[in-house]
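Next up, protein_28.pdb (PDB, N, CA and C atoms, pLDDT in the B column):
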```pdb
ATOM      1  N   MET A  21    -249.961 -34.621 -29.187  1.00 46.00           N
ATOM      2  CA  MET A  21    -251.325 -34.208 -29.421  1.00 46.00           C
ATOM      3  C   MET A  21    -252.250 -34.943 -28.446  1.00 46.00           C
ATOM      4  N   THR A  22    -253.153 -34.215 -27.852  1.00 52.00           N
ATOM      5  CA  THR A  22    -254.115 -34.792 -26.921  1.00 52.00           C
ATOM      6  C   THR A  22    -255.451 -34.953 -27.627  1.00 52.00           C
ATOM      7  N   THR A  23    -256.035 -36.117 -27.500  1.00 61.00           N
ATOM      8  CA  THR A  23    -257.358 -36.312 -28.090  1.00 61.00           C
ATOM      9  C   THR A  23    -258.399 -36.189 -26.998  1.00 61.00           C
ATOM     10  N   ARG A  24    -259.493 -35.579 -27.363  1.00 69.00           N
ATOM     11  CA  ARG A  24    -260.583 -35.382 -26.417  1.00 69.00           C
ATOM     12  C   ARG A  24    -261.502 -36.597 -26.472  1.00 69.00           C
ATOM     13  N   ILE A  25    -261.883 -37.095 -25.305  1.00 89.00           N
ATOM     14  CA  ILE A  25    -262.832 -38.197 -25.242  1.00 89.00           C
ATOM     15  C   ILE A  25    -264.217 -37.578 -25.168  1.00 89.00           C
ATOM     16  N   ASP A  26    -265.055 -37.902 -26.142  1.00 92.00           N
ATOM     17  CA  ASP A  26    -266.385 -37.319 -26.204  1.00 92.00           C
ATOM     18  C   ASP A  26    -267.302 -37.873 -25.130  1.00 92.00           C
ATOM     19  N   CYS A  27    -268.257 -37.061 -24.744  1.00 93.00           N
ATOM     20  CA  CYS A  27    -269.277 -37.480 -23.784  1.00 93.00           C
ATOM     21  C   CYS A  27    -270.230 -38.461 -24.455  1.00 93.00           C
ATOM     22  N   SER A  28    -270.759 -39.374 -23.676  1.00 93.00           N
ATOM     23  CA  SER A  28    -271.718 -40.345 -24.193  1.00 93.00           C
ATOM     24  C   SER A  28    -272.601 -40.826 -23.052  1.00 93.00           C
ATOM     25  N   GLU A  29    -273.739 -41.399 -23.409  1.00 94.00           N
ATOM     26  CA  GLU A  29    -274.613 -41.993 -22.387  1.00 94.00           C
ATOM     27  C   GLU A  29    -273.868 -43.108 -21.657  1.00 94.00           C
ATOM     28  N   ALA A  30    -273.068 -43.874 -22.391  1.00 93.00           N
ATOM     29  CA  ALA A  30    -272.295 -44.952 -21.771  1.00 93.00           C
ATOM     30  C   ALA A  30    -271.313 -44.383 -20.741  1.00 93.00           C
ATOM     31  N   GLY A  31    -270.690 -43.265 -21.070  1.00 92.00           N
ATOM     32  CA  GLY A  31    -269.760 -42.635 -20.134  1.00 92.00           C
ATOM     33  C   GLY A  31    -270.459 -42.154 -18.881  1.00 92.00           C
ATOM     34  N   PHE A  32    -271.647 -41.571 -19.047  1.00 94.00           N
ATOM     35  CA  PHE A  32    -272.413 -41.123 -17.885  1.00 94.00           C
ATOM     36  C   PHE A  32    -272.836 -42.319 -17.038  1.00 94.00           C
ATOM     37  N   ASN A  33    -273.263 -43.386 -17.687  1.00 94.00           N
ATOM     38  CA  ASN A  33    -273.670 -44.594 -16.962  1.00 94.00           C
ATOM     39  C   ASN A  33    -272.502 -45.214 -16.199  1.00 94.00           C
ATOM     40  N   GLU A  34    -271.302 -45.149 -16.758  1.00 92.00           N
ATOM     41  CA  GLU A  34    -270.117 -45.645 -16.041  1.00 92.00           C
ATOM     42  C   GLU A  34    -269.889 -44.847 -14.762  1.00 92.00           C
ATOM     43  N   PHE A  35    -270.107 -43.538 -14.842  1.00 92.00           N
ATOM     44  CA  PHE A  35    -269.991 -42.707 -13.648  1.00 92.00           C
ATOM     45  C   PHE A  35    -270.988 -43.166 -12.586  1.00 92.00           C
ATOM     46  N   LEU A  36    -272.237 -43.427 -12.997  1.00 92.00           N
ATOM     47  CA  LEU A  36    -273.255 -43.878 -12.044  1.00 92.00           C
ATOM     48  C   LEU A  36    -272.894 -45.230 -11.450  1.00 92.00           C
ATOM     49  N   LEU A  37    -272.386 -46.136 -12.275  1.00 92.00           N
ATOM     50  CA  LEU A  37    -272.006 -47.456 -11.766  1.00 92.00           C
ATOM     51  C   LEU A  37    -270.852 -47.368 -10.772  1.00 92.00           C
ATOM     52  N   ALA A  38    -269.965 -46.418 -10.993  1.00 91.00           N
ATOM     53  CA  ALA A  38    -268.816 -46.251 -10.103  1.00 91.00           C
ATOM     54  C   ALA A  38    -269.198 -45.554  -8.795  1.00 91.00           C
ATOM     55  N   ASN A  39    -270.419 -45.024  -8.732  1.00 87.00           N
ATOM     56  CA  ASN A  39    -270.875 -44.299  -7.547  1.00 87.00           C
ATOM     57  C   ASN A  39    -272.232 -44.827  -7.088  1.00 87.00           C
ATOM     58  N   PRO A  40    -272.253 -46.052  -6.544  1.00 88.00           N
ATOM     59  CA  PRO A  40    -273.521 -46.669  -6.152  1.00 88.00           C
ATOM     60  C   PRO A  40    -274.258 -45.906  -5.055  1.00 88.00           C
ATOM     61  N   GLN A  41    -273.579 -45.016  -4.340  1.00 85.00           N
ATOM     62  CA  GLN A  41    -274.245 -44.235  -3.309  1.00 85.00           C
ATOM     63  C   GLN A  41    -275.287 -43.279  -3.897  1.00 85.00           C
ATOM     64  N   LEU A  42    -275.277 -43.106  -5.217  1.00 86.00           N
ATOM     65  CA  LEU A  42    -276.274 -42.251  -5.871  1.00 86.00           C
ATOM     66  C   LEU A  42    -277.594 -42.982  -6.104  1.00 86.00           C
ATOM     67  N   ASP A  43    -277.593 -44.305  -5.980  1.00 86.00           N
ATOM     68  CA  ASP A  43    -278.833 -45.063  -6.151  1.00 86.00           C
ATOM     69  C   ASP A  43    -279.890 -44.541  -5.191  1.00 86.00           C
ATOM     70  N   GLY A  44    -281.094 -44.388  -5.696  1.00 86.00           N
ATOM     71  CA  GLY A  44    -282.187 -43.909  -4.866  1.00 86.00           C
ATOM     72  C   GLY A  44    -282.298 -42.397  -4.814  1.00 86.00           C
ATOM     73  N   HIS A  45    -281.421 -41.711  -5.503  1.00 86.00           N
ATOM     74  CA  HIS A  45    -281.445 -40.243  -5.546  1.00 86.00           C
ATOM     75  C   HIS A  45    -281.756 -39.799  -6.975  1.00 86.00           C
ATOM     76  N   ALA A  46    -282.982 -40.121  -7.421  1.00 89.00           N
ATOM     77  CA  ALA A  46    -283.372 -39.878  -8.813  1.00 89.00           C
ATOM     78  C   ALA A  46    -283.274 -38.404  -9.192  1.00 89.00           C
ATOM     79  N   ASP A  47    -283.672 -37.514  -8.300  1.00 90.00           N
ATOM     80  CA  ASP A  47    -283.605 -36.084  -8.615  1.00 90.00           C
ATOM     81  C   ASP A  47    -282.165 -35.627  -8.820  1.00 90.00           C
ATOM     82  N   LEU A  48    -281.276 -36.103  -7.971  1.00 89.00           N
ATOM     83  CA  LEU A  48    -279.863 -35.744  -8.112  1.00 89.00           C
ATOM     84  C   LEU A  48    -279.293 -36.317  -9.405  1.00 89.00           C
ATOM     85  N   ILE A  49    -279.634 -37.548  -9.727  1.00 93.00           N
ATOM     86  CA  ILE A  49    -279.138 -38.155 -10.968  1.00 93.00           C
ATOM     87  C   ILE A  49    -279.617 -37.348 -12.171  1.00 93.00           C
ATOM     88  N   TRP A  50    -280.858 -36.898 -12.127  1.00 93.00           N
ATOM     89  CA  TRP A  50    -281.399 -36.067 -13.215  1.00 93.00           C
ATOM     90  C   TRP A  50    -280.574 -34.784 -13.337  1.00 93.00           C
ATOM     91  N   GLN A  51    -280.254 -34.160 -12.210  1.00 93.00           N
ATOM     92  CA  GLN A  51    -279.456 -32.936 -12.221  1.00 93.00           C
ATOM     93  C   GLN A  51    -278.039 -33.205 -12.729  1.00 93.00           C
ATOM     94  N   LEU A  52    -277.460 -34.314 -12.298  1.00 93.00           N
ATOM     95  CA  LEU A  52    -276.116 -34.674 -12.762  1.00 93.00           C
ATOM     96  C   LEU A  52    -276.096 -34.916 -14.263  1.00 93.00           C
ATOM     97  N   HIS A  53    -277.132 -35.557 -14.768  1.00 95.00           N
ATOM     98  CA  HIS A  53    -277.240 -35.805 -16.210  1.00 95.00           C
ATOM     99  C   HIS A  53    -277.241 -34.478 -16.963  1.00 95.00           C
ATOM    100  N   ALA A  54    -277.994 -33.512 -16.456  1.00 95.00           N
ATOM    101  CA  ALA A  54    -278.048 -32.192 -17.094  1.00 95.00           C
ATOM    102  C   ALA A  54    -276.689 -31.500 -17.046  1.00 95.00           C
ATOM    103  N   VAL A  55    -275.998 -31.585 -15.906  1.00 94.00           N
ATOM    104  CA  VAL A  55    -274.673 -30.972 -15.771  1.00 94.00           C
ATOM    105  C   VAL A  55    -273.696 -31.612 -16.757  1.00 94.00           C
ATOM    106  N   TYR A  56    -273.731 -32.928 -16.855  1.00 95.00           N
ATOM    107  CA  TYR A  56    -272.843 -33.663 -17.765  1.00 95.00           C
ATOM    108  C   TYR A  56    -273.041 -33.192 -19.207  1.00 95.00           C
ATOM    109  N   TRP A  57    -274.283 -33.165 -19.657  1.00 95.00           N
ATOM    110  CA  TRP A  57    -274.533 -32.802 -21.050  1.00 95.00           C
ATOM    111  C   TRP A  57    -274.345 -31.323 -21.309  1.00 95.00           C
ATOM    112  N   ARG A  58    -274.555 -30.478 -20.314  1.00 96.00           N
ATOM    113  CA  ARG A  58    -274.308 -29.048 -20.476  1.00 96.00           C
ATOM    114  C   ARG A  58    -272.819 -28.781 -20.710  1.00 96.00           C
ATOM    115  N   ASN A  59    -271.970 -29.672 -20.225  1.00 95.00           N
ATOM    116  CA  ASN A  59    -270.525 -29.483 -20.335  1.00 95.00           C
ATOM    117  C   ASN A  59    -269.866 -30.436 -21.329  1.00 95.00           C
ATOM    118  N   LYS A  60    -270.640 -30.998 -22.240  1.00 93.00           N
ATOM    119  CA  LYS A  60    -270.117 -31.995 -23.177  1.00 93.00           C
ATOM    120  C   LYS A  60    -269.015 -31.440 -24.078  1.00 93.00           C
ATOM    121  N   ARG A  61    -269.039 -30.153 -24.339  1.00 94.00           N
ATOM    122  CA  ARG A  61    -268.015 -29.560 -25.218  1.00 94.00           C
ATOM    123  C   ARG A  61    -266.616 -29.664 -24.614  1.00 94.00           C
ATOM    124  N   LEU A  62    -266.549 -29.848 -23.292  1.00 94.00           N
ATOM    125  CA  LEU A  62    -265.255 -29.960 -22.607  1.00 94.00           C
ATOM    126  C   LEU A  62    -264.649 -31.351 -22.727  1.00 94.00           C
ATOM    127  N   GLY A  63    -265.465 -32.331 -23.125  1.00 93.00           N
ATOM    128  CA  GLY A  63    -265.000 -33.710 -23.183  1.00 93.00           C
ATOM    129  C   GLY A  63    -265.375 -34.469 -21.922  1.00 93.00           C
ATOM    130  N   HIS A  64    -265.338 -35.787 -22.017  1.00 93.00           N
ATOM    131  CA  HIS A  64    -265.796 -36.651 -20.928  1.00 93.00           C
ATOM    132  C   HIS A  64    -265.043 -36.443 -19.610  1.00 93.00           C
ATOM    133  N   PRO A  65    -263.720 -36.465 -19.596  1.00 93.00           N
ATOM    134  CA  PRO A  65    -263.025 -36.346 -18.306  1.00 93.00           C
ATOM    135  C   PRO A  65    -263.359 -35.047 -17.557  1.00 93.00           C
ATOM    136  N   LYS A  66    -263.395 -33.928 -18.253  1.00 94.00           N
ATOM    137  CA  LYS A  66    -263.692 -32.662 -17.593  1.00 94.00           C
ATOM    138  C   LYS A  66    -265.158 -32.583 -17.190  1.00 94.00           C
ATOM    139  N   ALA A  67    -266.051 -33.118 -18.021  1.00 94.00           N
ATOM    140  CA  ALA A  67    -267.471 -33.133 -17.670  1.00 94.00           C
ATOM    141  C   ALA A  67    -267.697 -33.972 -16.411  1.00 94.00           C
ATOM    142  N   VAL A  68    -267.009 -35.098 -16.293  1.00 93.00           N
ATOM    143  CA  VAL A  68    -267.132 -35.930 -15.095  1.00 93.00           C
ATOM    144  C   VAL A  68    -266.543 -35.196 -13.885  1.00 93.00           C
ATOM    145  N   GLY A  69    -265.463 -34.485 -14.078  1.00 94.00           N
ATOM    146  CA  GLY A  69    -264.896 -33.698 -12.984  1.00 94.00           C
ATOM    147  C   GLY A  69    -265.897 -32.677 -12.447  1.00 94.00           C
ATOM    148  N   LEU A  70    -266.629 -32.046 -13.354  1.00 94.00           N
ATOM    149  CA  LEU A  70    -267.654 -31.101 -12.926  1.00 94.00           C
ATOM    150  C   LEU A  70    -268.814 -31.816 -12.241  1.00 94.00           C
ATOM    151  N   LEU A  71    -269.138 -33.016 -12.714  1.00 89.00           N
ATOM    152  CA  LEU A  71    -270.173 -33.826 -12.052  1.00 89.00           C
ATOM    153  C   LEU A  71    -269.785 -34.109 -10.609  1.00 89.00           C
ATOM    154  N   ILE A  72    -268.541 -34.478 -10.413  1.00 90.00           N
ATOM    155  CA  ILE A  72    -268.064 -34.809  -9.078  1.00 90.00           C
ATOM    156  C   ILE A  72    -268.160 -33.587  -8.172  1.00 90.00           C
ATOM    157  N   GLN A  73    -267.751 -32.433  -8.669  1.00 92.00           N
ATOM    158  CA  GLN A  73    -267.853 -31.209  -7.882  1.00 92.00           C
ATOM    159  C   GLN A  73    -269.305 -30.916  -7.525  1.00 92.00           C
ATOM    160  N   TYR A  74    -270.201 -31.050  -8.497  1.00 91.00           N
ATOM    161  CA  TYR A  74    -271.618 -30.777  -8.275  1.00 91.00           C
ATOM    162  C   TYR A  74    -272.199 -31.771  -7.270  1.00 91.00           C
ATOM    163  N   ALA A  75    -271.862 -33.046  -7.442  1.00 87.00           N
ATOM    164  CA  ALA A  75    -272.394 -34.079  -6.552  1.00 87.00           C
ATOM    165  C   ALA A  75    -271.908 -33.872  -5.116  1.00 87.00           C
ATOM    166  N   ARG A  76    -270.657 -33.474  -4.942  1.00 85.00           N
ATOM    167  CA  ARG A  76    -270.139 -33.214  -3.592  1.00 85.00           C
ATOM    168  C   ARG A  76    -270.862 -32.042  -2.947  1.00 85.00           C
ATOM    169  N   ALA A  77    -271.178 -31.031  -3.755  1.00 88.00           N
ATOM    170  CA  ALA A  77    -271.834 -29.841  -3.224  1.00 88.00           C
ATOM    171  C   ALA A  77    -273.318 -30.071  -2.935  1.00 88.00           C
ATOM    172  N   CYS A  78    -273.973 -30.886  -3.753  1.00 84.00           N
ATOM    173  CA  CYS A  78    -275.433 -31.022  -3.677  1.00 84.00           C
ATOM    174  C   CYS A  78    -275.916 -32.419  -3.321  1.00 84.00           C
ATOM    175  N   GLY A  79    -275.038 -33.384  -3.324  1.00 70.00           N
ATOM    176  CA  GLY A  79    -275.470 -34.763  -3.211  1.00 70.00           C
ATOM    177  C   GLY A  79    -275.339 -35.366  -1.841  1.00 70.00           C
ATOM    178  N   PRO A  80    -275.523 -36.683  -1.789  1.00 66.00           N
ATOM    179  CA  PRO A  80    -275.388 -37.393  -0.521  1.00 66.00           C
ATOM    180  C   PRO A  80    -273.959 -37.276   0.003  1.00 66.00           C
ATOM    181  N   PRO A  81    -273.752 -37.287   1.299  1.00 59.00           N
ATOM    182  CA  PRO A  81    -272.421 -37.068   1.872  1.00 59.00           C
ATOM    183  C   PRO A  81    -271.424 -38.184   1.611  1.00 59.00           C
ATOM    184  N   ALA A  82    -271.851 -39.294   1.036  1.00 56.00           N
ATOM    185  CA  ALA A  82    -270.958 -40.433   0.850  1.00 56.00           C
ATOM    186  C   ALA A  82    -270.141 -40.375  -0.434  1.00 56.00           C
ATOM    187  N   ILE A  83    -270.162 -39.284  -1.175  1.00 56.00           N
ATOM    188  CA  ILE A  83    -269.380 -39.192  -2.411  1.00 56.00           C
ATOM    189  C   ILE A  83    -267.912 -39.025  -2.026  1.00 56.00           C
ATOM    190  N   PRO A  84    -267.059 -39.959  -2.442  1.00 57.00           N
ATOM    191  CA  PRO A  84    -265.662 -39.919  -2.009  1.00 57.00           C
ATOM    192  C   PRO A  84    -264.899 -38.729  -2.578  1.00 57.00           C
ATOM    193  N   ALA A  85    -263.909 -38.269  -1.837  1.00 58.00           N
ATOM    194  CA  ALA A  85    -263.093 -37.149  -2.275  1.00 58.00           C
ATOM    195  C   ALA A  85    -262.178 -37.534  -3.428  1.00 58.00           C
ATOM    196  N   LYS A  86    -261.678 -38.776  -3.401  1.00 59.00           N
ATOM    197  CA  LYS A  86    -260.799 -39.264  -4.468  1.00 59.00           C
ATOM    198  C   LYS A  86    -261.246 -40.651  -4.867  1.00 59.00           C
ATOM    199  N   PRO A  87    -261.172 -40.958  -6.174  1.00 54.00           N
ATOM    200  CA  PRO A  87    -261.530 -42.324  -6.584  1.00 54.00           C
ATOM    201  C   PRO A  87    -260.528 -43.326  -6.021  1.00 54.00           C
ATOM    202  N   PRO A  88    -260.975 -44.564  -5.809  1.00 50.00           N
ATOM    203  CA  PRO A  88    -260.066 -45.583  -5.249  1.00 50.00           C
ATOM    204  C   PRO A  88    -258.944 -45.926  -6.175  1.00 50.00           C
TER
END
```

Step by step, read the file and then write its structure as structure tokens.
Amino acid sequence: MTTRIDCSEAGFNEFLLANPQLDGHADLIWQLHAVYWRNKRLGHPKAVGLLIQYARACGPPAIPAKPP
């Protein structure tokens, strides 16, 4: 059985901390926050995956392709 990890403000903040290149991009962070919460029904890992896709498409070019 797989358990779904729920979305939370703490989870979103962890994403921001792991991606310091987003600092100074308040509008993008606002958009990412909306994307995260719009997809909360999918659970945290999938919502973050969608955040990464959105950030790569719309964000600063320094967003890494794969986490370290």

Contacts of A:His64 within 6 Å, only N, CA and C atoms, excl. fewer than 5 positions in-chain, as a PDB file with N, CA and C atoms, in the coordinates of the input:
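Result saved to result.pdb:
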```pdb
ATOM      1  N   ARG A  24    -259.493 -35.579 -27.363  1.00 69.00           N
ATOM      2  CA  ARG A  24    -260.583 -35.382 -26.417  1.00 69.00           C
ATOM      3  C   ARG A  24    -261.502 -36.597 -26.472  1.00 69.00           C
ATOM      4  N   ILE A  25    -261.883 -37.095 -25.305  1.00 89.00           N
ATOM      5  CA  ILE A  25    -262.832 -38.197 -25.242  1.00 89.00           C
ATOM      6  C   ILE A  25    -264.217 -37.578 -25.168  1.00 89.00           C
ATOM      7  N   ASP A  26    -265.055 -37.902 -26.142  1.00 92.00           N
ATOM      8  CA  ASP A  26    -266.385 -37.319 -26.204  1.00 92.00           C
ATOM      9  C   ASP A  26    -267.302 -37.873 -25.130  1.00 92.00           C
ATOM     10  N   CYS A  27    -268.257 -37.061 -24.744  1.00 93.00           N
ATOM     11  CA  CYS A  27    -269.277 -37.480 -23.784  1.00 93.00           C
ATOM     12  C   CYS A  27    -270.230 -38.461 -24.455  1.00 93.00           C
ATOM     13  N   GLY A  69    -265.463 -34.485 -14.078  1.00 94.00           N
ATOM     14  CA  GLY A  69    -264.896 -33.698 -12.984  1.00 94.00           C
ATOM     15  C   GLY A  69    -265.897 -32.677 -12.447  1.00 94.00           C
TER      16      GLY A  69
END
```

**Request:** Check the smallest atom-to-atom distance from each of A:Ala54, A:Ile49, A:Leu62, A:Ala67 to A:Gly31 using only C-alpha atoms, then report the winner.
**Result:**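 Nearest to A:Gly31: A:Ala67.
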
Centre and size of axis-aligned box enclosing stretch 43-51 of chain A plus 6 Å each side, as lines of an AutoDock Vina configuration file:
```
center_x = -280.6
center_y = -39.0
center_z = -9.1
size_x = 18.1
size_y = 24.1
size_z = 20.5
```

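For the set A:Ala46, A:Ala38, A:Leu52, A:Arg58, the residue with the smallest atom-to-atom gap to A:Leu71 is A:Leu52, counting all atoms listed in the file.
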
Could you pull out the alpha helix (DSSP H) residues of stretch 23-84 of chain A from DSSP and send them as a short mmCIF file (atom, residue, chain, number, x, y, z; two decimals) with N, CA and C atoms, keeping the file's coordinate frame?
```cif
data_model
loop_
_atom_site.label_atom_id
_atom_site.label_comp_id
_atom_site.auth_asym_id
_atom_site.auth_seq_id
_atom_site.Cartn_x
_atom_site.Cartn_y
_atom_site.Cartn_z
N GLU A 29 -273.74 -41.40 -23.41
CA GLU A 29 -274.61 -41.99 -22.39
C GLU A 29 -273.87 -43.11 -21.66
N ALA A 30 -273.07 -43.87 -22.39
CA ALA A 30 -272.30 -44.95 -21.77
C ALA A 30 -271.31 -44.38 -20.74
N GLY A 31 -270.69 -43.26 -21.07
CA GLY A 31 -269.76 -42.64 -20.13
C GLY A 31 -270.46 -42.15 -18.88
N PHE A 32 -271.65 -41.57 -19.05
CA PHE A 32 -272.41 -41.12 -17.89
C PHE A 32 -272.84 -42.32 -17.04
N ASN A 33 -273.26 -43.39 -17.69
CA ASN A 33 -273.67 -44.59 -16.96
C ASN A 33 -272.50 -45.21 -16.20
N GLU A 34 -271.30 -45.15 -16.76
CA GLU A 34 -270.12 -45.64 -16.04
C GLU A 34 -269.89 -44.85 -14.76
N PHE A 35 -270.11 -43.54 -14.84
CA PHE A 35 -269.99 -42.71 -13.65
C PHE A 35 -270.99 -43.17 -12.59
N LEU A 36 -272.24 -43.43 -13.00
CA LEU A 36 -273.26 -43.88 -12.04
C LEU A 36 -272.89 -45.23 -11.45
N LEU A 37 -272.39 -46.14 -12.28
CA LEU A 37 -272.01 -47.46 -11.77
C LEU A 37 -270.85 -47.37 -10.77
N ALA A 38 -269.96 -46.42 -10.99
CA ALA A 38 -268.82 -46.25 -10.10
C ALA A 38 -269.20 -45.55 -8.80
N ALA A 46 -282.98 -40.12 -7.42
CA ALA A 46 -283.37 -39.88 -8.81
C ALA A 46 -283.27 -38.40 -9.19
N ASP A 47 -283.67 -37.51 -8.30
CA ASP A 47 -283.60 -36.08 -8.62
C ASP A 47 -282.17 -35.63 -8.82
N LEU A 48 -281.28 -36.10 -7.97
CA LEU A 48 -279.86 -35.74 -8.11
C LEU A 48 -279.29 -36.32 -9.40
N ILE A 49 -279.63 -37.55 -9.73
CA ILE A 49 -279.14 -38.16 -10.97
C ILE A 49 -279.62 -37.35 -12.17
N TRP A 50 -280.86 -36.90 -12.13
CA TRP A 50 -281.40 -36.07 -13.22
C TRP A 50 -280.57 -34.78 -13.34
N GLN A 51 -280.25 -34.16 -12.21
CA GLN A 51 -279.46 -32.94 -12.22
C GLN A 51 -278.04 -33.20 -12.73
N LEU A 52 -277.46 -34.31 -12.30
CA LEU A 52 -276.12 -34.67 -12.76
C LEU A 52 -276.10 -34.92 -14.26
N HIS A 53 -277.13 -35.56 -14.77
CA HIS A 53 -277.24 -35.80 -16.21
C HIS A 53 -277.24 -34.48 -16.96
N ALA A 54 -277.99 -33.51 -16.46
CA ALA A 54 -278.05 -32.19 -17.09
C ALA A 54 -276.69 -31.50 -17.05
N VAL A 55 -276.00 -31.58 -15.91
CA VAL A 55 -274.67 -30.97 -15.77
C VAL A 55 -273.70 -31.61 -16.76
N TYR A 56 -273.73 -32.93 -16.86
CA TYR A 56 -272.84 -33.66 -17.76
C TYR A 56 -273.04 -33.19 -19.21
N TRP A 57 -274.28 -33.16 -19.66
CA TRP A 57 -274.53 -32.80 -21.05
C TRP A 57 -274.35 -31.32 -21.31
N ARG A 58 -274.56 -30.48 -20.31
CA ARG A 58 -274.31 -29.05 -20.48
C ARG A 58 -272.82 -28.78 -20.71
N HIS A 64 -265.34 -35.79 -22.02
CA HIS A 64 -265.80 -36.65 -20.93
C HIS A 64 -265.04 -36.44 -19.61
N PRO A 65 -263.72 -36.47 -19.60
CA PRO A 65 -263.02 -36.35 -18.31
C PRO A 65 -263.36 -35.05 -17.56
N LYS A 66 -263.40 -33.93 -18.25
CA LYS A 66 -263.69 -32.66 -17.59
C LYS A 66 -265.16 -32.58 -17.19
N ALA A 67 -266.05 -33.12 -18.02
CA ALA A 67 -267.47 -33.13 -17.67
C ALA A 67 -267.70 -33.97 -16.41
N VAL A 68 -267.01 -35.10 -16.29
CA VAL A 68 -267.13 -35.93 -15.10
C VAL A 68 -266.54 -35.20 -13.88
N GLY A 69 -265.46 -34.48 -14.08
CA GLY A 69 -264.90 -33.70 -12.98
C GLY A 69 -265.90 -32.68 -12.45
N LEU A 70 -266.63 -32.05 -13.35
CA LEU A 70 -267.65 -31.10 -12.93
C LEU A 70 -268.81 -31.82 -12.24
N LEU A 71 -269.14 -33.02 -12.71
CA LEU A 71 -270.17 -33.83 -12.05
C LEU A 71 -269.79 -34.11 -10.61
N ILE A 72 -268.54 -34.48 -10.41
CA ILE A 72 -268.06 -34.81 -9.08
C ILE A 72 -268.16 -33.59 -8.17
N GLN A 73 -267.75 -32.43 -8.67
CA GLN A 73 -267.85 -31.21 -7.88
C GLN A 73 -269.30 -30.92 -7.52
N TYR A 74 -270.20 -31.05 -8.50
CA TYR A 74 -271.62 -30.78 -8.28
C TYR A 74 -272.20 -31.77 -7.27
N ALA A 75 -271.86 -33.05 -7.44
CA ALA A 75 -272.39 -34.08 -6.55
C ALA A 75 -271.91 -33.87 -5.12
N ARG A 76 -270.66 -33.47 -4.94
CA ARG A 76 -270.14 -33.21 -3.59
C ARG A 76 -270.86 -32.04 -2.95
N ALA A 77 -271.18 -31.03 -3.76
CA ALA A 77 -271.83 -29.84 -3.22
C ALA A 77 -273.32 -30.07 -2.94
N CYS A 78 -273.97 -30.89 -3.75
CA CYS A 78 -275.43 -31.02 -3.68
C CYS A 78 -275.92 -32.42 -3.32
#
```

**Request:** Considering only C-alpha atoms, state which residue in the set A:Ala30, A:Val55, A:Leu42, A:Leu36 is at the smallest distance from A:Gln73.
**Result:**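 Looking only at the distances to A:Gln73, the closest residue turns out to be A:Val55.
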